[in-house]
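Participant: Take a look at this one; I'll ask things after.
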Amino acid sequence: VSPVVVGTTVRLRPEQRQAIEEVGPVRLVGPEGWPDILPEAEVLFAFDVTEADLERAVRLKWLQILSAGADRLPQAALRARGIRVTNVAGIHTEALSEHALLLMLALARRLPAAVRLMDARRWDQEPFRRLGTLAGKTALVVGYGAVGQGLVRRLEALDMTVRVVSRRPRRDGDIVVEGLDALDARLAEADWIILTLALTPETRGLFDAARLARVKPGARLVNVARGAIVDQDALVAALRAGRLAGAGLDVTSAEPLDPGHPLWTLSEVIITPHVGGRQEHYIDRAVAVFRENLRRYLAGEPFAREVDLIRGY
Ligand SMILES: NC(=O)c1ccc[n+]([C@@H]2O[C@H](COP(=O)([O-])OP(=O)(O)OC[C@H]3O[C@@H](n4cnc5c(N)ncnc54)[C@H](OP(=O)(O)O)[C@@H]3O)[C@@H](O)[C@H]2O)c1
């Protein structure tokens, strides 16, 4: 049998290469062969592909991406060509839920004020007069995927009351997952709103001015998912009006966030530059997902988690 040609943009260590090659008859071509490999490749293992890449990849059948969100892919073209897409949702659970917690704790305990004081070598308790706790507060987690589930467990351990809204209502043990129709009612009760949902046509701009007007006054919003889920102008307005008491953002609607953007100037906003999923062994974990999917692909078995190009995630 002729080997399955796999093209990758990822610089793999020898043992990572070997882990892929030992799955079966594959010819793995690394970044040194990109983009020349595109016309031959049946499978791609890459963070991203462009529409132009796709046009060259005439034999492509399956794309394994190294992120959880498929929102940056040319989904219409992939759908039209019948190319299957798998993601690595699941490998970010620990890092991204810790990052969401970091943003929550840093806002609640006013860490940025302490860092500013440290820069000035100044001991001053004044900025910390109104510190709050997470314990006893209500958190609303929007999006009960791998990250949402990991975060809910952690928030419960911090003695928060946790509510969950996601696309598919369901029960998961003691957790009641409500559908999007419950979002507005839950928003009115939540002290913390944490976004861990996919960016899709349905969720783009989900948090617009009307929705942000429904939050409990003084609530805080944390977004570790995708910036475009939130209308950023409406977010700035809600923060300025004091409707929202703060925001922790690992993602913004345009990245990088423009240096002139007002979000940089608001004192109760913490911005991290889309690094929430980073962790040691990222590529090892992505390779493990790819390896298992490759085994299934060669055996004609269904993938463990496939992106639904109609739903968009
Ligand atoms: N900041 C970073 O560095 C970083 C890193 C990794 C991921 N992310 C983002 O975080 C998101 C979550 O990651 P994950 O690993 O948890 O992915 P995941 O397991 O695929 O979870 C995606 C979640 O989005 C929910 N969702 C989709 N459409 C929705 C809708 N219309 N209304 C409500 N919920 C909806 C899904 O709901 P159901 O469960 O109900 O189907 C699912 O719970 C990713 O999509 C990605 O955009 C960011």
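Every chain in the structure tokens takes a letter, A first, then B, and so on in the order presented; its residues are numbered from 1, and the ligands are numbered from 1 following the presented order.
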Please find the residues contacting ligand 1 at a distance of at most 7 Å between atoms, with only C-alpha atoms and all ligand atoms counted, and report them as JSON, numbers by chain.

Facilitator: {"A": [67, 68, 69, 89, 90, 91, 92, 93, 96, 142, 143, 144, 145, 146, 147, 148, 165, 166, 167, 168, 169, 180, 196, 197, 198, 199, 200, 202, 203, 224, 225, 226, 250, 251, 274, 275, 276, 277, 278, 313]}

Participant: From a DSSP calculation on the backbone, collect every residue of range 207-313 of chain A in strand (DSSP E) and output the set as a compact mmCIF listing (two decimals) with N, CA and C atoms, in the first residue's frame.

Facilitator:
```txt
# COMPACT_ATOMS: atom_id res chain seq x y z
N ALA A 219 -21.21 43.14 38.30
CA ALA A 219 -20.66 41.83 37.92
C ALA A 219 -19.33 42.02 37.19
N ARG A 220 -18.57 40.93 37.10
CA ARG A 220 -17.31 40.96 36.35
C ARG A 220 -17.35 39.88 35.27
N LEU A 221 -16.74 40.21 34.14
CA LEU A 221 -16.76 39.31 32.98
C LEU A 221 -15.33 38.81 32.70
N VAL A 222 -15.21 37.52 32.53
CA VAL A 222 -13.91 36.94 32.16
C VAL A 222 -14.08 36.20 30.84
N ASN A 223 -13.27 36.54 29.86
CA ASN A 223 -13.35 35.87 28.55
C ASN A 223 -12.02 35.22 28.21
N LEU A 244 -20.58 46.86 34.60
CA LEU A 244 -19.60 45.80 34.88
C LEU A 244 -18.51 46.44 35.74
N ALA A 245 -18.15 45.73 36.83
CA ALA A 245 -17.13 46.27 37.72
C ALA A 245 -15.71 45.93 37.26
N GLY A 246 -15.61 45.03 36.30
CA GLY A 246 -14.27 44.66 35.85
C GLY A 246 -14.35 43.60 34.78
N ALA A 247 -13.22 43.41 34.11
CA ALA A 247 -13.16 42.37 33.08
C ALA A 247 -11.75 41.79 33.03
N GLY A 248 -11.69 40.49 32.82
CA GLY A 248 -10.42 39.81 32.61
C GLY A 248 -10.47 39.19 31.23
N LEU A 249 -9.57 39.60 30.38
CA LEU A 249 -9.65 39.20 28.97
C LEU A 249 -8.35 38.56 28.49
N VAL A 269 -9.59 46.48 34.33
CA VAL A 269 -9.50 45.49 33.24
C VAL A 269 -8.11 44.86 33.28
N ILE A 270 -8.07 43.56 33.17
CA ILE A 270 -6.79 42.85 33.05
C ILE A 270 -6.78 42.17 31.69
N ILE A 271 -5.71 42.41 30.95
CA ILE A 271 -5.58 41.81 29.62
C ILE A 271 -4.35 40.92 29.59
```

Participant: Near Glu22 in chain A, within 12 Å and counting only C-alpha atoms, which residues show up once chain neighbours fewer than 5 positions away are dropped, as a list in words?

Facilitator: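 Residues near the query, excluding close chain neighbours: Pro3, Pro14, Glu15, Gln16, Arg17, Arg27, Leu28, Arg291, Glu292, Leu294 and Arg295 of chain A.
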
Participant: Store the residues picked out above in a file with C-alpha atoms, as a PDB file, in the first residue's frame.

Facilitator:
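Saved the output as again_35.pdb:
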```
ATOM      1  CA  PRO A   3       1.683   5.488   2.529  1.00  0.00           C
ATOM      2  CA  PRO A  14      12.328  13.021  16.719  1.00  0.00           C
ATOM      3  CA  GLU A  15      10.304  11.087  19.304  1.00  0.00           C
ATOM      4  CA  GLN A  16       7.171  13.031  18.366  1.00  0.00           C
ATOM      5  CA  ARG A  17       7.750  12.219  14.691  1.00  0.00           C
ATOM      6  CA  ARG A  27       4.918   9.585   5.033  1.00  0.00           C
ATOM      7  CA  LEU A  28       5.268  12.572   7.355  1.00  0.00           C
ATOM      8  CA  ARG A 291      -1.835   9.842  16.844  1.00  0.00           C
ATOM      9  CA  GLU A 292      -5.066   8.351  18.165  1.00  0.00           C
ATOM     10  CA  LEU A 294      -4.591   8.770  12.798  1.00  0.00           C
ATOM     11  CA  ARG A 295      -4.991   5.234  14.102  1.00  0.00           C
TER      12      ARG A 295
END
```

Participant: Skipping near chain neighbours, those fewer than 4 positions away, what residues fall within 10 Å of Glu55 in chain A using only C-alpha atoms, listed as a list in words?

Facilitator: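 These residues fall inside the cut-off: Leu38, Pro39, Thr50, Glu51, Arg59, Leu60 and Ala77 of chain A.
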
Participant: Please produce an output containing C-alpha atoms for each residue in the selection, written as a short mmCIF file (atom, residue, chain, number, x, y, z; two decimals), in the first residue's frame.

Facilitator:
```
data_model
loop_
_atom_site.label_atom_id
_atom_site.label_comp_id
_atom_site.auth_asym_id
_atom_site.auth_seq_id
_atom_site.Cartn_x
_atom_site.Cartn_y
_atom_site.Cartn_z
CA LEU A 38 0.19 20.58 -0.15
CA PRO A 39 -0.77 19.10 -3.57
CA THR A 50 -5.66 29.38 4.72
CA GLU A 51 -8.07 29.30 1.82
CA ARG A 59 -5.99 15.57 -2.28
CA LEU A 60 -6.74 16.66 1.25
CA ALA A 77 -14.50 25.80 1.76
#
```

Participant: Which of these, A:Asp119, A:Glu40, A:Glu156, A:Asp71, has the shortest distance to Arg56 in chain A once you count only C-alpha atoms?

Facilitator: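 Comparing A:Asp119, A:Glu40, A:Glu156, A:Asp71 against Arg56 in chain A, the winner is A:Glu40.
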
Participant: Name the residues in contact with Arg110 in chain A at a cut-off of 8 Å, using only C-alpha atoms, excluding same-chain residues fewer than 4 positions from it; report them as a PyMOL selection string.

Facilitator: chain A and resi 105-106+114+127-128+131

Participant: Give me the residues near Leu158 in chain A as a PyMOL selection string, where near means some atom within 9 Å (using only C-alpha atoms) and where sequence neighbours in that chain fewer than 3 positions away do not count.

Facilitator: chain A and resi 134-136+153-155

Participant: Figure out the distance between CA of Pro112 in chain A and CA of Pro259 in chain A, please, to one decimal in Å.

Facilitator: 18.6 Å

Participant: Which neighbours of Ile83 in chain A fall inside 10 Å, counting only C-alpha atoms, when residues of the same chain fewer than 3 positions from it are skipped, and could you give them as a PyMOL selection string?

Facilitator: chain A and resi 42-43+54+59-63+75+77-80+309

Participant: Output all heavy atoms for every residue in the selection just made, as a short mmCIF file (atom, residue, chain, number, x, y, z; two decimals), in the first residue's frame.

Facilitator:
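Final output, saved to part18.cif:
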```cif
data_model
loop_
_atom_site.label_atom_id
_atom_site.label_comp_id
_atom_site.auth_asym_id
_atom_site.auth_seq_id
_atom_site.Cartn_x
_atom_site.Cartn_y
_atom_site.Cartn_z
N GLU A 42 -2.69 14.06 1.94
CA GLU A 42 -4.04 13.56 2.21
C GLU A 42 -4.50 14.05 3.58
O GLU A 42 -5.70 14.23 3.83
CB GLU A 42 -4.00 12.02 2.17
CG GLU A 42 -5.32 11.35 2.50
CD GLU A 42 -5.25 9.81 2.32
OE1 GLU A 42 -4.42 9.33 1.51
OE2 GLU A 42 -6.02 9.12 3.01
N VAL A 43 -3.50 14.28 4.45
CA VAL A 43 -3.77 14.69 5.84
C VAL A 43 -2.87 15.86 6.18
O VAL A 43 -1.70 15.88 5.79
CB VAL A 43 -3.48 13.50 6.80
CG1 VAL A 43 -3.73 13.91 8.25
CG2 VAL A 43 -4.30 12.27 6.44
N LEU A 54 -5.73 25.54 1.05
CA LEU A 54 -6.75 24.55 0.68
C LEU A 54 -6.85 24.36 -0.82
O LEU A 54 -7.02 23.25 -1.31
CB LEU A 54 -8.12 24.99 1.20
CG LEU A 54 -8.50 24.60 2.61
CD1 LEU A 54 -9.98 24.90 2.83
CD2 LEU A 54 -8.21 23.13 2.88
N ARG A 59 -5.71 16.94 -2.72
CA ARG A 59 -5.99 15.57 -2.28
C ARG A 59 -6.38 15.49 -0.82
O ARG A 59 -6.52 14.39 -0.25
CB ARG A 59 -4.75 14.69 -2.47
CG ARG A 59 -4.38 14.58 -3.91
CD ARG A 59 -3.37 13.47 -4.13
NE ARG A 59 -2.97 13.50 -5.52
CZ ARG A 59 -1.92 12.90 -6.01
NH1 ARG A 59 -1.14 12.17 -5.23
NH2 ARG A 59 -1.62 12.99 -7.28
N LEU A 60 -6.52 16.64 -0.21
CA LEU A 60 -6.74 16.66 1.25
C LEU A 60 -8.07 16.02 1.63
O LEU A 60 -9.11 16.34 1.07
CB LEU A 60 -6.70 18.11 1.75
CG LEU A 60 -6.81 18.29 3.26
CD1 LEU A 60 -5.63 17.62 3.97
CD2 LEU A 60 -6.88 19.77 3.63
N LYS A 61 -8.01 15.13 2.64
CA LYS A 61 -9.22 14.49 3.14
C LYS A 61 -9.49 14.84 4.59
O LYS A 61 -10.62 14.81 5.04
CB LYS A 61 -9.10 12.97 3.02
CG LYS A 61 -9.09 12.49 1.58
CD LYS A 61 -9.52 11.03 1.53
CE LYS A 61 -9.57 10.52 0.10
NZ LYS A 61 -8.82 9.28 -0.05
N TRP A 62 -8.41 15.11 5.34
CA TRP A 62 -8.58 15.31 6.79
C TRP A 62 -7.57 16.33 7.28
O TRP A 62 -6.40 16.26 6.94
CB TRP A 62 -8.43 13.96 7.51
CG TRP A 62 -8.22 14.06 9.00
CD1 TRP A 62 -8.80 14.93 9.86
CD2 TRP A 62 -7.34 13.25 9.79
NE1 TRP A 62 -8.36 14.72 11.14
CE2 TRP A 62 -7.46 13.68 11.12
CE3 TRP A 62 -6.48 12.18 9.50
CZ2 TRP A 62 -6.74 13.10 12.17
CZ3 TRP A 62 -5.77 11.61 10.54
CH2 TRP A 62 -5.91 12.07 11.86
N LEU A 63 -8.06 17.25 8.09
CA LEU A 63 -7.23 18.27 8.71
C LEU A 63 -7.31 18.15 10.22
O LEU A 63 -8.39 18.24 10.80
CB LEU A 63 -7.73 19.66 8.27
CG LEU A 63 -7.22 20.88 9.05
CD1 LEU A 63 -5.72 21.05 8.88
CD2 LEU A 63 -7.95 22.15 8.58
N GLN A 75 -14.10 27.60 6.93
CA GLN A 75 -15.03 26.48 7.16
C GLN A 75 -15.92 26.19 5.95
O GLN A 75 -16.22 25.03 5.66
CB GLN A 75 -15.90 26.75 8.39
CG GLN A 75 -15.15 26.64 9.70
CD GLN A 75 -16.08 26.44 10.89
OE1 GLN A 75 -17.25 26.12 10.75
NE2 GLN A 75 -15.54 26.63 12.08
N ALA A 77 -15.26 26.53 2.78
CA ALA A 77 -14.50 25.80 1.76
C ALA A 77 -14.27 24.35 2.19
O ALA A 77 -14.38 23.42 1.38
CB ALA A 77 -13.17 26.50 1.50
N LEU A 78 -13.98 24.15 3.47
CA LEU A 78 -13.76 22.79 3.98
C LEU A 78 -15.04 21.96 3.84
O LEU A 78 -15.01 20.81 3.42
CB LEU A 78 -13.33 22.85 5.45
CG LEU A 78 -11.92 23.36 5.70
CD1 LEU A 78 -11.76 23.82 7.15
CD2 LEU A 78 -10.88 22.28 5.37
N ARG A 79 -16.15 22.59 4.19
CA ARG A 79 -17.45 21.92 4.11
C ARG A 79 -17.77 21.55 2.66
O ARG A 79 -18.14 20.43 2.37
CB ARG A 79 -18.52 22.87 4.67
CG ARG A 79 -19.75 22.20 5.17
CD ARG A 79 -20.63 23.18 5.94
NE ARG A 79 -20.85 24.41 5.24
CZ ARG A 79 -20.71 25.62 5.78
NH1 ARG A 79 -20.35 25.77 7.02
NH2 ARG A 79 -20.93 26.69 5.07
N ALA A 80 -17.56 22.50 1.77
CA ALA A 80 -17.89 22.27 0.36
C ALA A 80 -17.05 21.12 -0.21
O ALA A 80 -17.53 20.36 -1.06
CB ALA A 80 -17.65 23.55 -0.44
N LEU A 309 -18.86 20.95 10.93
CA LEU A 309 -18.69 22.18 10.13
C LEU A 309 -20.02 22.86 9.85
O LEU A 309 -20.04 23.92 9.23
CB LEU A 309 -17.93 21.86 8.84
CG LEU A 309 -16.46 21.47 9.05
CD1 LEU A 309 -15.84 20.94 7.77
CD2 LEU A 309 -15.63 22.62 9.60
#
```
